[in-house]
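This report concerns only the one structure given below.
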Amino acid sequence: MSYEHEPISPMFRIDVSAESDSNQQASGDRIVIELLRQMVASQEQQNRILDELVQQNAAANKQRASELQQWKNANPALAKSCRNAAETLSKVQTEFLTSLTEEISDSEDHLLEGEYMLNEFVDRFGPRLAHLNGVLQVLAQLGSSDPNA
């Protein structure tokens, strides 16, 4: 059995002859180096901008937390009432989610088959869930004991 070997072409070709044009390669290298420098400068500028954004967001969050804590200090009884209301509303939300998931399980085939049933479901549960979540979020923030919450 004879095996014929095809010549393998080299992956890299290195020209070591005296006629090689090193000026063209040097020019290409300078272009690549300049492009890399521009990329680094752009990246540094983006990093500075991101740092500024982070600092602005941190300052805004710190200001908001400070104002919230001042409100809680000025209204301790109301903050406690908000906390109690949030705990109660959280239980209500759990019950609501339980009934919502049961409705989904019971109506799975109908929800998958037709858009009408899906629209009815969303109309029935969507606004109530959205409003409940919004109210619960406000009460939880106003009633939280942690100023950073």
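Ordered as shown in the structure tokens, chains take letters A, B, and onward, while each chain numbers its residues from 1 and ligands are numbered from 1 in the order shown.
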
Worksheet item: Quick one: residues within 12 Å of Lys80 in chain A, only C-alpha atoms counted, chain neighbours fewer than 2 positions away excluded, as a PyMOL selection string?
Response: chain A and resi 72-78+82-87+139-145

Once you have the residues from the selection above, write them out as a PDB file, in the first residue's frame, restricted to C-alpha atoms.
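Output file part_3.pdb follows:
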```pdb
ATOM      1  CA  LYS A  72     -38.407  58.635  58.457  1.00  0.00           C
ATOM      2  CA  ASN A  73     -36.847  60.572  61.338  1.00  0.00           C
ATOM      3  CA  ALA A  74     -39.485  63.291  61.006  1.00  0.00           C
ATOM      4  CA  ASN A  75     -42.328  60.744  60.762  1.00  0.00           C
ATOM      5  CA  PRO A  76     -41.355  57.707  62.877  1.00  0.00           C
ATOM      6  CA  ALA A  77     -44.945  56.621  63.581  1.00  0.00           C
ATOM      7  CA  LEU A  78     -45.875  56.834  59.897  1.00  0.00           C
ATOM      8  CA  CYS A  82     -45.805  51.845  56.445  1.00  0.00           C
ATOM      9  CA  ARG A  83     -43.678  48.905  57.551  1.00  0.00           C
ATOM     10  CA  ASN A  84     -46.696  47.152  59.099  1.00  0.00           C
ATOM     11  CA  ALA A  85     -48.817  47.885  56.040  1.00  0.00           C
ATOM     12  CA  ALA A  86     -46.073  46.543  53.754  1.00  0.00           C
ATOM     13  CA  GLU A  87     -45.917  43.317  55.754  1.00  0.00           C
ATOM     14  CA  LEU A 139     -44.647  51.166  51.515  1.00  0.00           C
ATOM     15  CA  ALA A 140     -41.596  48.919  51.811  1.00  0.00           C
ATOM     16  CA  GLN A 141     -39.226  51.807  51.035  1.00  0.00           C
ATOM     17  CA  LEU A 142     -40.946  54.209  53.430  1.00  0.00           C
ATOM     18  CA  GLY A 143     -41.135  51.594  56.151  1.00  0.00           C
ATOM     19  CA  SER A 144     -37.698  50.078  55.794  1.00  0.00           C
ATOM     20  CA  SER A 145     -35.402  50.357  58.773  1.00  0.00           C
TER      21      SER A 145
END
```

Practice prompt. Mind listing the alpha helix (DSSP H) residues of range 3-147 of chain A, per DSSP on the backbone, as a ChimeraX atom specification?
Written response: /A:22-74,76-106,108-113,115-143

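Closest approach to Ala130 in chain A from the set A:Ala26, A:Tyr116, A:Lys62, A:Phe96 is made by A:Phe96, with distances taken over only C-alpha atoms.
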
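Picture a line from CA of Val122 in chain A to CA of Ser105 in chain A; it runs 14.6 Å.
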